[in-house]
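Next comes target26.txt, a file with compact mmCIF, C-alpha atoms.
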```
# COMPACT_ATOMS: atom_id res chain seq x y z
CA MET A 1 6.75 -9.21 15.10
CA ASP A 2 3.66 -6.96 15.04
CA GLU A 3 3.05 -5.60 18.54
CA ASN A 4 -0.70 -5.71 17.89
CA LYS A 5 -0.78 -9.47 17.72
CA SER A 6 -2.18 -11.30 20.74
CA LYS A 7 -0.17 -13.72 22.83
CA GLN A 8 -2.09 -16.55 21.20
CA ASP A 9 -1.10 -15.36 17.73
CA LYS A 10 2.53 -15.16 18.77
CA LEU A 11 2.36 -18.64 20.26
CA LEU A 12 0.84 -20.05 17.08
CA GLU A 13 3.54 -18.42 14.98
CA ALA A 14 6.23 -19.78 17.29
CA ILE A 15 4.80 -23.30 16.94
CA ARG A 16 4.72 -22.98 13.15
CA GLU A 17 8.29 -21.72 13.14
CA MET A 18 9.38 -24.71 15.23
CA ASN A 19 7.61 -27.03 12.79
CA ARG A 20 9.33 -25.39 9.84
CA ALA A 21 12.69 -25.68 11.52
CA SER A 22 12.15 -29.35 12.34
CA ASP A 23 10.81 -30.25 8.91
CA PRO A 24 11.18 -27.47 6.28
CA ASN A 25 9.62 -29.73 3.63
CA LYS A 26 6.39 -30.13 5.56
CA LEU A 27 3.39 -28.27 4.12
CA GLN A 28 2.30 -25.56 6.55
CA THR A 29 -1.46 -25.18 6.86
CA VAL A 30 -3.95 -23.08 8.81
CA SER A 31 -7.45 -24.37 9.49
CA MET A 32 -10.44 -22.16 8.78
CA SER A 33 -11.27 -22.10 12.50
CA GLU A 34 -7.72 -21.09 13.40
CA MET A 35 -7.73 -18.41 10.71
CA TYR A 36 -11.00 -16.96 12.01
CA GLU A 37 -9.61 -16.81 15.54
CA THR A 38 -6.55 -14.84 14.43
CA VAL A 39 -6.37 -11.04 14.18
CA TYR A 40 -4.58 -10.00 11.00
CA GLN A 41 -3.52 -6.35 10.91
CA SER A 42 -3.39 -4.92 7.40
CA GLN A 43 -1.94 -1.60 6.28
CA PRO A 44 -4.07 1.32 5.04
CA ALA A 45 -4.05 2.54 1.46
CA VAL A 46 -1.01 4.64 0.65
CA ILE A 47 -3.34 6.87 -1.37
CA GLU A 48 -7.07 6.35 -0.87
CA ASP A 49 -8.78 4.53 -3.78
CA PHE A 50 -5.55 4.73 -5.77
CA LEU A 51 -2.39 3.11 -4.37
CA TYR A 52 -2.21 0.22 -1.90
CA PRO A 53 0.49 -1.82 -0.14
CA GLY A 54 1.94 -4.52 -2.37
CA LEU A 55 3.58 -4.42 -5.79
CA CYS A 56 2.19 -2.04 -8.41
CA VAL A 57 3.46 -1.76 -11.99
CA LEU A 58 3.12 1.64 -13.69
CA ALA A 59 3.66 1.38 -17.45
CA GLY A 60 3.62 3.82 -20.33
CA ASP A 61 5.46 4.85 -23.45
CA SER A 62 8.93 6.33 -23.04
CA LYS A 63 9.11 10.07 -22.30
CA ILE A 64 5.36 10.20 -21.71
CA GLY A 65 5.56 11.67 -18.20
CA LYS A 66 5.82 8.60 -15.96
CA SER A 67 8.73 10.03 -13.96
CA PHE A 68 6.83 13.26 -13.33
CA LEU A 69 3.83 11.23 -12.14
CA VAL A 70 5.82 9.06 -9.71
CA SER A 71 7.74 12.12 -8.49
CA GLN A 72 4.39 13.70 -7.74
CA ILE A 73 3.18 10.58 -5.92
CA ALA A 74 6.43 10.43 -3.95
CA PHE A 75 6.17 14.05 -2.83
CA HIS A 76 2.55 13.76 -1.72
CA VAL A 77 3.17 10.57 0.29
CA ALA A 78 6.28 12.04 1.93
CA THR A 79 4.39 15.20 2.91
CA GLY A 80 0.97 13.63 3.60
CA LYS A 81 -0.78 16.11 1.33
CA GLU A 82 -3.90 15.13 -0.59
CA PHE A 83 -3.30 13.59 -3.99
CA TRP A 84 -6.04 14.27 -6.53
CA ASN A 85 -8.43 14.99 -3.64
CA LYS A 86 -7.66 11.61 -2.08
CA ALA A 87 -6.42 11.08 1.48
CA VAL A 88 -2.75 10.11 1.81
CA SER A 89 -1.03 7.98 4.43
CA LYS A 90 2.11 9.96 5.19
CA GLY A 91 5.33 7.97 5.26
CA THR A 92 8.97 7.92 4.29
CA VAL A 93 9.53 7.42 0.56
CA LEU A 94 12.52 5.98 -1.30
CA TYR A 95 12.69 6.86 -5.00
CA LEU A 96 15.25 4.95 -7.07
CA ALA A 97 15.55 7.22 -10.13
CA LEU A 98 17.89 4.91 -11.99
CA GLU A 99 17.71 6.66 -15.36
CA ASP A 100 18.28 10.13 -13.91
CA GLN A 101 20.95 12.39 -12.49
CA TYR A 102 20.59 14.32 -9.24
CA SER A 103 20.79 17.61 -11.14
CA ARG A 104 17.82 16.61 -13.32
CA ILE A 105 15.81 15.42 -10.31
CA GLN A 106 16.56 18.71 -8.56
CA LYS A 107 15.30 20.75 -11.52
CA ARG A 108 12.21 18.54 -11.89
CA MET A 109 11.19 18.82 -8.24
CA PHE A 110 11.80 22.57 -8.19
CA LYS A 111 9.75 22.95 -11.36
CA MET A 112 6.90 21.07 -9.73
CA TYR A 113 7.00 22.31 -6.12
CA GLY A 114 9.34 25.29 -5.92
CA GLU A 115 11.00 25.84 -2.55
CA GLU A 116 8.66 23.42 -0.76
CA ASN A 117 10.53 20.29 0.29
CA THR A 118 10.61 17.41 2.79
CA SER A 119 13.25 15.36 4.56
CA ASP A 120 11.08 12.23 4.27
CA LEU A 121 11.69 11.77 0.52
CA TYR A 122 14.97 10.06 -0.38
CA PHE A 123 16.48 9.63 -3.85
CA SER A 124 19.11 7.33 -5.27
CA ILE A 125 20.34 7.07 -8.86
CA THR A 126 22.16 3.75 -8.34
CA ALA A 127 21.03 0.36 -7.06
CA SER A 128 21.91 -3.31 -7.42
CA THR A 129 19.85 -5.75 -9.45
CA ILE A 130 17.46 -8.28 -7.95
CA THR A 131 19.96 -11.02 -8.80
CA ALA A 132 22.64 -9.21 -6.78
CA HIS A 133 22.00 -7.16 -3.64
CA LEU A 134 18.82 -5.14 -4.29
CA GLU A 135 16.76 -7.00 -1.69
CA ASN A 136 19.37 -6.35 1.00
CA GLN A 137 19.67 -2.68 -0.01
CA LEU A 138 15.92 -2.08 0.22
CA ASN A 139 15.52 -4.02 3.46
CA ASP A 140 18.43 -2.09 5.00
CA PHE A 141 16.79 1.21 4.04
CA VAL A 142 13.48 0.20 5.60
CA ARG A 143 15.23 -0.92 8.80
CA GLY A 144 16.89 2.49 8.98
CA HIS A 145 13.64 4.29 8.15
CA PRO A 146 10.83 2.33 9.85
CA GLY A 147 8.16 4.79 8.67
CA THR A 148 8.70 3.82 5.02
CA ASN A 149 5.47 3.01 3.18
CA LEU A 150 6.49 3.61 -0.46
CA ILE A 151 9.47 2.58 -2.60
CA ILE A 152 9.59 3.60 -6.26
CA ILE A 153 11.86 1.86 -8.77
CA ASP A 154 12.27 3.78 -12.03
CA THR A 155 12.73 1.70 -14.16
CA MET A 156 12.15 -2.04 -13.91
CA GLN A 157 14.80 -3.05 -16.44
CA LYS A 158 17.51 -1.33 -14.39
CA VAL A 159 17.03 -3.76 -11.49
CA ARG A 160 16.07 -6.86 -13.40
CA GLY A 161 19.59 -8.02 -14.21
CA GLY A 162 20.67 -9.12 -17.67
CA VAL A 163 19.93 -7.28 -20.90
CA THR A 164 17.97 -9.90 -22.81
CA ASP A 165 14.65 -9.19 -24.51
CA ASN A 166 13.72 -12.88 -24.42
CA TYR A 167 10.83 -12.70 -21.96
CA SER A 168 9.19 -15.84 -20.66
CA TYR A 169 6.23 -16.27 -18.34
CA SER A 170 8.28 -18.14 -15.73
CA LYS A 171 11.11 -15.57 -15.72
CA ASP A 172 8.72 -12.63 -15.50
CA TYR A 173 6.74 -14.30 -12.71
CA GLU A 174 9.86 -15.16 -10.71
CA PHE A 175 11.23 -11.62 -11.06
CA ILE A 176 8.00 -9.87 -10.04
CA SER A 177 7.46 -12.34 -7.18
CA GLN A 178 10.86 -11.44 -5.74
CA LEU A 179 9.98 -7.75 -5.74
CA LYS A 180 6.51 -8.46 -4.36
CA LYS A 181 8.10 -10.37 -1.47
CA ILE A 182 10.08 -7.24 -0.53
CA ALA A 183 6.87 -5.20 -0.51
CA ASP A 184 4.92 -7.80 1.48
CA ASP A 185 7.68 -8.48 4.01
CA ASN A 186 7.92 -4.76 4.78
CA SER A 187 4.16 -3.99 4.56
CA LEU A 188 4.69 -1.22 2.03
CA CYS A 189 3.95 -0.33 -1.59
CA LEU A 190 6.63 -0.96 -4.19
CA LEU A 191 5.80 1.05 -7.31
CA LEU A 192 7.65 -0.30 -10.35
CA VAL A 193 7.95 1.90 -13.44
CA HIS A 194 7.96 0.02 -16.76
CA HIS A 195 7.32 0.51 -20.47
CA THR A 196 4.52 -0.44 -22.85
CA LYS A 197 4.70 -2.27 -26.16
CA LYS A 198 4.82 -0.50 -29.52
CA MET A 199 1.81 -2.49 -30.76
CA LYS A 200 -1.22 -1.47 -28.68
CA ASP A 201 -4.31 -3.39 -27.61
CA ASP A 202 -7.32 -1.13 -28.20
CA LYS A 203 -9.57 -3.26 -25.98
CA ASP A 204 -7.41 -3.61 -22.84
CA PRO A 205 -4.53 -1.21 -22.08
CA GLN A 206 -3.19 -3.65 -19.47
CA ASN A 207 -2.17 -5.93 -22.34
CA ASP A 208 0.18 -3.18 -23.54
CA ILE A 209 2.62 -3.75 -20.67
CA THR A 210 5.93 -5.00 -22.06
CA GLY A 211 6.63 -8.63 -21.19
CA THR A 212 4.36 -11.57 -20.57
CA LYS A 213 1.05 -11.68 -18.69
CA ALA A 214 3.02 -12.90 -15.67
CA LEU A 215 3.77 -9.27 -14.80
CA MET A 216 0.08 -8.61 -14.17
CA ALA A 217 -0.52 -12.04 -12.65
CA ALA A 218 2.17 -11.67 -9.99
CA ALA A 219 1.69 -7.95 -9.28
CA ASP A 220 -1.04 -6.72 -6.94
CA SER A 221 -2.04 -3.89 -9.27
CA SER A 222 -1.05 -2.20 -12.49
CA MET A 223 -1.45 1.24 -14.04
CA VAL A 224 -1.11 2.13 -17.70
CA LEU A 225 -0.59 5.77 -18.67
CA VAL A 226 -1.85 6.58 -22.18
CA LYS A 227 -1.64 10.00 -23.87
CA GLU A 228 -3.97 11.11 -26.65
CA SER A 229 -0.87 11.96 -28.68
CA ARG A 230 2.81 12.53 -28.03
CA THR A 231 2.33 16.31 -27.88
CA SER A 232 -0.99 16.30 -26.00
CA LEU A 233 -1.27 17.41 -22.40
CA ASN A 234 -4.23 15.05 -21.86
CA ALA A 235 -3.89 11.42 -20.79
CA ILE A 236 -5.79 8.50 -19.35
CA LEU A 237 -4.54 6.46 -16.38
CA ASN A 238 -6.03 2.95 -16.43
CA ILE A 239 -5.84 1.06 -13.12
CA THR A 240 -6.65 -2.50 -12.18
CA GLY A 241 -5.81 -4.41 -9.00
CA ARG A 242 -6.75 -6.88 -6.31
CA ASP A 243 -7.74 -4.25 -3.74
CA GLN A 244 -9.52 -1.81 -6.03
CA PRO A 245 -12.07 -1.69 -8.85
CA ASP A 246 -10.94 -1.14 -12.43
CA THR A 247 -10.59 2.62 -12.79
CA ARG A 248 -10.04 5.15 -15.55
CA ILE A 249 -8.79 8.59 -14.55
CA LYS A 250 -8.66 11.50 -16.97
CA ILE A 251 -5.61 13.62 -16.19
CA ARG A 252 -3.95 16.66 -17.70
CA LYS A 253 -0.40 17.93 -17.35
CA ASN A 254 -0.10 21.53 -16.16
CA PRO A 255 2.14 23.14 -18.82
CA GLU A 256 3.72 25.50 -16.28
CA THR A 257 4.52 23.15 -13.38
CA LEU A 258 4.37 19.85 -15.37
CA ILE A 259 2.23 18.40 -12.55
CA TRP A 260 -0.43 15.90 -13.56
CA GLU A 261 -3.87 17.13 -12.46
CA SER A 262 -6.91 14.88 -12.27
CA GLU A 263 -9.96 15.95 -14.22
CA GLU A 264 -12.33 13.03 -13.75
CA PHE A 265 -12.47 9.64 -12.03
CA GLU A 266 -14.62 7.69 -14.48
CA THR A 267 -15.28 4.89 -11.98
CA ASP A 268 -17.57 5.44 -9.00
CA ILE A 269 -15.60 4.05 -6.06
CA TYR A 270 -17.80 1.90 -3.83
CA LYS A 271 -17.79 3.04 -0.23
CA GLU A 272 -18.90 0.69 2.51
CA PRO A 273 -21.60 2.28 4.66
CA PRO A 274 -20.68 2.96 8.29
CA ASP A 275 -20.95 -0.13 10.49
CA PRO A 276 -23.19 0.58 13.52
CA LEU A 277 -21.40 -2.08 15.59
CA LEU A 278 -17.96 -0.57 15.08
CA GLN A 279 -19.26 2.94 15.69
CA ASN A 280 -21.00 1.85 18.92
CA ILE A 281 -17.80 0.15 20.08
CA ALA A 282 -15.86 3.34 19.41
CA ASP A 283 -18.39 5.24 21.54
CA ILE A 284 -18.06 2.67 24.35
CA VAL A 285 -14.27 2.98 24.36
CA ILE A 286 -14.39 6.77 24.39
CA ARG A 287 -16.91 6.79 27.26
CA ASN A 288 -14.55 4.55 29.24
CA SER A 289 -11.62 6.96 29.02
CA GLY A 290 -10.14 5.28 25.98
CA LYS A 291 -9.91 1.75 27.38
CA TRP A 292 -12.25 -1.20 27.66
CA SER A 293 -11.77 -4.88 28.39
CA GLY A 294 -14.18 -7.72 29.01
CA SER A 295 -15.77 -10.80 27.54
CA ALA A 296 -17.52 -11.04 24.19
CA THR A 297 -20.77 -11.68 26.06
CA GLU A 298 -20.38 -8.43 28.03
CA LEU A 299 -19.54 -6.48 24.90
CA ALA A 300 -22.47 -7.94 22.96
CA ALA A 301 -24.81 -6.77 25.71
CA LEU A 302 -23.33 -3.25 25.58
CA SER A 303 -23.04 -2.99 21.81
CA GLY A 304 -26.60 -1.94 21.07
CA VAL A 305 -26.67 -4.46 18.22
CA ASP A 306 -28.42 -7.83 18.21
CA ILE A 307 -25.43 -10.11 17.76
CA LYS A 308 -24.23 -13.34 19.35
CA PRO A 309 -20.88 -13.26 21.23
CA ASN A 310 -19.12 -15.72 18.90
CA LYS A 311 -20.21 -13.79 15.82
CA LEU A 312 -19.15 -10.55 17.51
CA THR A 313 -15.63 -11.88 18.09
CA LEU A 314 -15.37 -13.10 14.50
CA LYS A 315 -16.51 -9.74 13.16
CA LEU A 316 -13.98 -7.91 15.33
CA ASN A 317 -11.16 -10.22 14.21
CA ILE A 318 -11.98 -9.53 10.57
CA ASN A 319 -12.43 -5.78 11.09
CA ALA A 320 -9.41 -5.13 13.33
CA SER A 321 -7.77 -2.90 10.72
CA LYS A 322 -11.00 -0.98 10.10
CA LEU A 323 -11.28 -0.31 13.82
CA ARG A 324 -7.71 0.93 13.85
CA TYR A 325 -7.70 3.12 10.77
CA ASP A 326 -11.31 4.32 10.69
CA HIS A 327 -11.91 4.74 14.42
CA GLY A 328 -8.44 4.95 15.95
CA ILE A 329 -8.93 1.93 18.21
CA ASP A 330 -6.44 -0.86 18.80
CA TYR A 331 -8.19 -4.21 19.27
CA LYS A 332 -6.81 -7.39 20.84
CA ASN A 333 -8.39 -10.79 21.37
CA VAL A 334 -6.53 -12.14 24.38
CA HIS A 335 -6.58 -15.76 25.49
CA THR A 336 -5.53 -16.49 29.11
CA HIS A 337 -5.95 -19.38 31.53
CA ASN A 338 -9.05 -17.56 32.82
CA GLY A 339 -10.64 -17.48 29.39
CA ARG A 340 -10.77 -15.23 26.34
CA PHE A 341 -11.05 -11.46 26.70
CA ILE A 342 -11.45 -8.52 24.36
CA GLU A 343 -9.32 -5.43 24.87
CA PHE A 344 -9.68 -2.00 23.24
CA GLN A 345 -7.25 0.89 23.46
CA LEU A 346 -7.96 4.30 21.96
CA ILE A 347 -4.96 5.51 20.02
CA GLU A 348 -3.95 8.93 21.26
CA LYS A 349 -6.34 11.48 19.85
CA ARG A 350 -4.97 14.39 17.92
CA THR A 351 -6.55 16.90 15.58
CA ALA A 352 -5.10 16.34 12.13
CA THR A 353 -6.25 16.73 8.59
CA VAL A 354 -4.66 15.53 5.41
CA GLY A 355 -1.68 17.78 4.82
CA ASP A 356 -0.69 18.24 8.47
CA ASP A 357 2.62 16.97 9.78
CA CYS A 358 1.81 13.43 10.86
CA ASP A 359 3.38 10.59 12.74
CA ASP A 360 5.48 8.35 10.47
CA LYS A 361 3.69 5.19 11.59
CA LEU A 362 0.12 6.50 11.54
CA PRO A 363 -1.71 7.62 8.40
CA CYS A 364 -2.44 11.34 8.36
CA GLY A 365 -6.08 12.25 8.03
CA VAL A 366 -7.18 8.69 8.76
CA LEU A 367 -6.46 8.09 12.41
CA PRO A 368 -7.83 10.52 14.96
```
Kindly return the structure encoded in the file as structure tokens.
Amino acid sequence: MDENKSKQDKLLEAIREMNRASDPNKLQTVSMSEMYETVYQSQPAVIEDFLYPGLCVLAGDSKIGKSFLVSQIAFHVATGKEFWNKAVSKGTVLYLALEDQYSRIQKRMFKMYGEENTSDLYFSITASTITAHLENQLNDFVRGHPGTNLIIIDTMQKVRGGVTDNYSYSKDYEFISQLKKIADDNSLCLLLVHHTKKMKDDKDPQNDITGTKALMAAADSSMVLVKESRTSLNAILNITGRDQPDTRIKIRKNPETLIWESEEFETDIYKEPPDPLLQNIADIVIRNSGKWSGSATELAALSGVDIKPNKLTLKLNINASKLRYDHGIDYKNVHTHNGRFIEFQLIEKRTATVGDDCDDKLPCGVLP
């Protein structure tokens, strides 16, 4: 259970678990008030404005360069180096290259990155299907490597089980939902490589993904890689997802290293302006040697912002992850027999930029 959750959150979860055990058929609900009182910690983007926790499908024609692209993504996440000028949350990466051989992977990585390497990127060329033991295999890996934030499966058909081309919405949805559950349960990104149809949709590249629309419906995001022609070095990466705006990225493959280089992000990514309340709270915590605790009323008076205590608490509950990843502050809303208290703890400061060696559990270049 997440160590950042308050005692109240843990108690509520324990009560729900008891209810499920006593009556597994009972519908479990959370009231709006209860939801607002709970602090939900979310994970940061794996790659800023590009790749997020959850299930992402990357599709494209065969032999178009998908494996080079995901190899590139894997290397940058495992090393924490910027990807296309975007900040990266460093973590352990598992790459299931199920259509490859280790000798080919070795040559590909050396072609792309030379002698530079990392011990945080793991490869496997064999895996079970989702109908057999894949879930156990992936969960076992994550338990053994708790800093894992990215798993790549190349390709989808290798883990699906069965060799039929008879797709149905229900079968596609069930399959993708099983993989999504693995990603959600482990708070990581599962990047699933897939193919596109021979007949293309000129209006919406997302419709080119092989299978039914259930693949997009169940997945958190999808990417479609489209080349101008089979022999061209230029391509477009079309992205859509729940946590990001629809984006088109012009990319070009370096003919020497075979690395995909970004040339233009055609979508202006919206950036939320800095929140004065969160910034003032960060200043308060720093001035108090990295720790602060007290009531919402006391904090509202110190905040420098005209805000009522109950609204302050709600805003902090909703922005707990922003406090953690943007300001490096751990927030807890603690309920005791003496009342409710707010606690802040500054995560240990360290000077780090994207590309430095970073802690497995903390995103490089994001936390202080």
Find, counting all atoms listed in the file, the residue in A:Thr231, A:Thr313, A:Thr336, A:Gln101 that gets nearest to Val39 of chain A.
->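 The answer is A:Thr313, which sits nearest to Val39 of chain A.
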Find the residues near segment 295-304 of chain A: any atom within 9 Å, counting all atoms listed in the file, skip ones fewer than 3 places away on the same chain, and give them as a VMD selection string.
-> chain A and resid 276 to 278 280 to 281 284 307 to 310 312 to 313 339 to 343
Pro53 of chain A proximity check over A:Met32, A:Ala132, A:Met156, A:Leu191, using only C-alpha atoms: winner is A:Leu191
Shell around Val70 of chain A at 9 Å using all atoms listed in the file, local window under 2 positions removed, as a count of residues only | 14
So how far away is atom CA of Thr38 of chain A from atom CA of Asn317 of chain A, in Å?
->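 Atom CA of Asn317 of chain A sits 6.5 Å away from atom CA of Thr38 of chain A.
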What is the distance, in Å and to one decimal place, between atom CA of Lys291 of chain A and atom CA of Pro44 of chain A?
->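 Here the two named atoms are 23.1 Å from each other.
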Which neighbours of segment 225-230 of chain A fall inside 10 Å, counting all atoms listed in the file, when residues of the same chain fewer than 5 positions from it are skipped, and could you give them as a list in words?
-> Leu58, Ala59, Gly60, Asp61, Lys63, Ile64, Gly65, Lys66, Leu69, His195, Thr196, Pro205, Gln206, Ala235, Ile236, Leu237, Asn238, Ile239, Arg248, Ile249, Lys250, Ile251 and Arg252 of chain A
Taking into account all atoms listed in the file, which residue in the set A:Gly147, A:Gly290, A:Leu179, A:Tyr173 is nearest to Thr131 of chain A?
->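 Among A:Gly147, A:Gly290, A:Leu179, A:Tyr173, it is A:Leu179 that comes nearest to Thr131 of chain A.
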A:His327, A:Lys180, A:Lys311, A:Lys271 ranked by distance to Leu55 of chain A, top pick (using all atoms listed in the file) |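 Among A:His327, A:Lys180, A:Lys311, A:Lys271, it is A:Lys180 that comes nearest to Leu55 of chain A.
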For atom CA of Thr240 of chain A and atom CA of Ala214 of chain A, determine how far apart the two atoms are, in Å to one decimal place.
->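 About the pair atom CA of Thr240 of chain A and atom CA of Ala214 of chain A: they are 14.6 Å apart.
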Between segment 140-240 of chain A and segment 109-130 of chain A, at 10 Å or less, what are the per-residue closest atom pairs and their distances in Å? Count all atoms listed in the file, order by chain and rising residue number, and return it as CSV.
```
residue,atom,partner,partner_atom,distance
A:His145,CA,A:Asp120,CA,9.2
A:Gly147,CA,A:Asp120,CA,9.1
A:Thr148,CA,A:Asp120,CA,8.8
A:Leu150,CA,A:Leu121,CA,9.7
A:Ile151,CA,A:Tyr122,CA,9.5
A:Ile152,CA,A:Phe123,CA,9.5
A:Ile153,CA,A:Ala127,CA,9.4
A:Asp154,CA,A:Ile125,CA,9.3
A:Met156,CA,A:Thr129,CA,9.6
A:Gln157,CA,A:Thr129,CA,9.0
A:Lys158,CA,A:Thr129,CA,7.0
A:Val159,CA,A:Thr129,CA,4.0
A:Arg160,CA,A:Thr129,CA,5.6
A:Gly161,CA,A:Thr129,CA,5.3
A:Gly162,CA,A:Thr129,CA,8.9
A:Phe175,CA,A:Ile130,CA,7.7
A:Ile176,CA,A:Ile130,CA,9.8
A:Gln178,CA,A:Ile130,CA,7.6
A:Leu179,CA,A:Ile130,CA,7.8
```
For Ile182 of chain A, please output as a list in words all residues within 9 Å (counting all atoms listed in the file; exclusion window: fewer than 5 positions along the same chain).
->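 In the requested format, the answer is Gly54, Leu55, Glu135, Leu138, Asn139, Ser177, Ser187, Leu188 and Leu190 of chain A.
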Emit the selected residues as a compact mmCIF listing (two decimals), in the frame of the given file, including C-alpha atoms.
```txt
# COMPACT_ATOMS: atom_id res chain seq x y z
CA GLY A 54 1.94 -4.52 -2.37
CA LEU A 55 3.58 -4.42 -5.79
CA GLU A 135 16.76 -7.00 -1.69
CA LEU A 138 15.92 -2.08 0.22
CA ASN A 139 15.52 -4.02 3.46
CA SER A 177 7.46 -12.34 -7.18
CA SER A 187 4.16 -3.99 4.56
CA LEU A 188 4.69 -1.22 2.03
CA LEU A 190 6.63 -0.96 -4.19
```
So, counting only C-alpha atoms, which residue among A:Lys253, A:Lys332, A:His76, A:Lys171 is closest to Leu233 of chain A?
->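 Closest candidate: A:Lys253.
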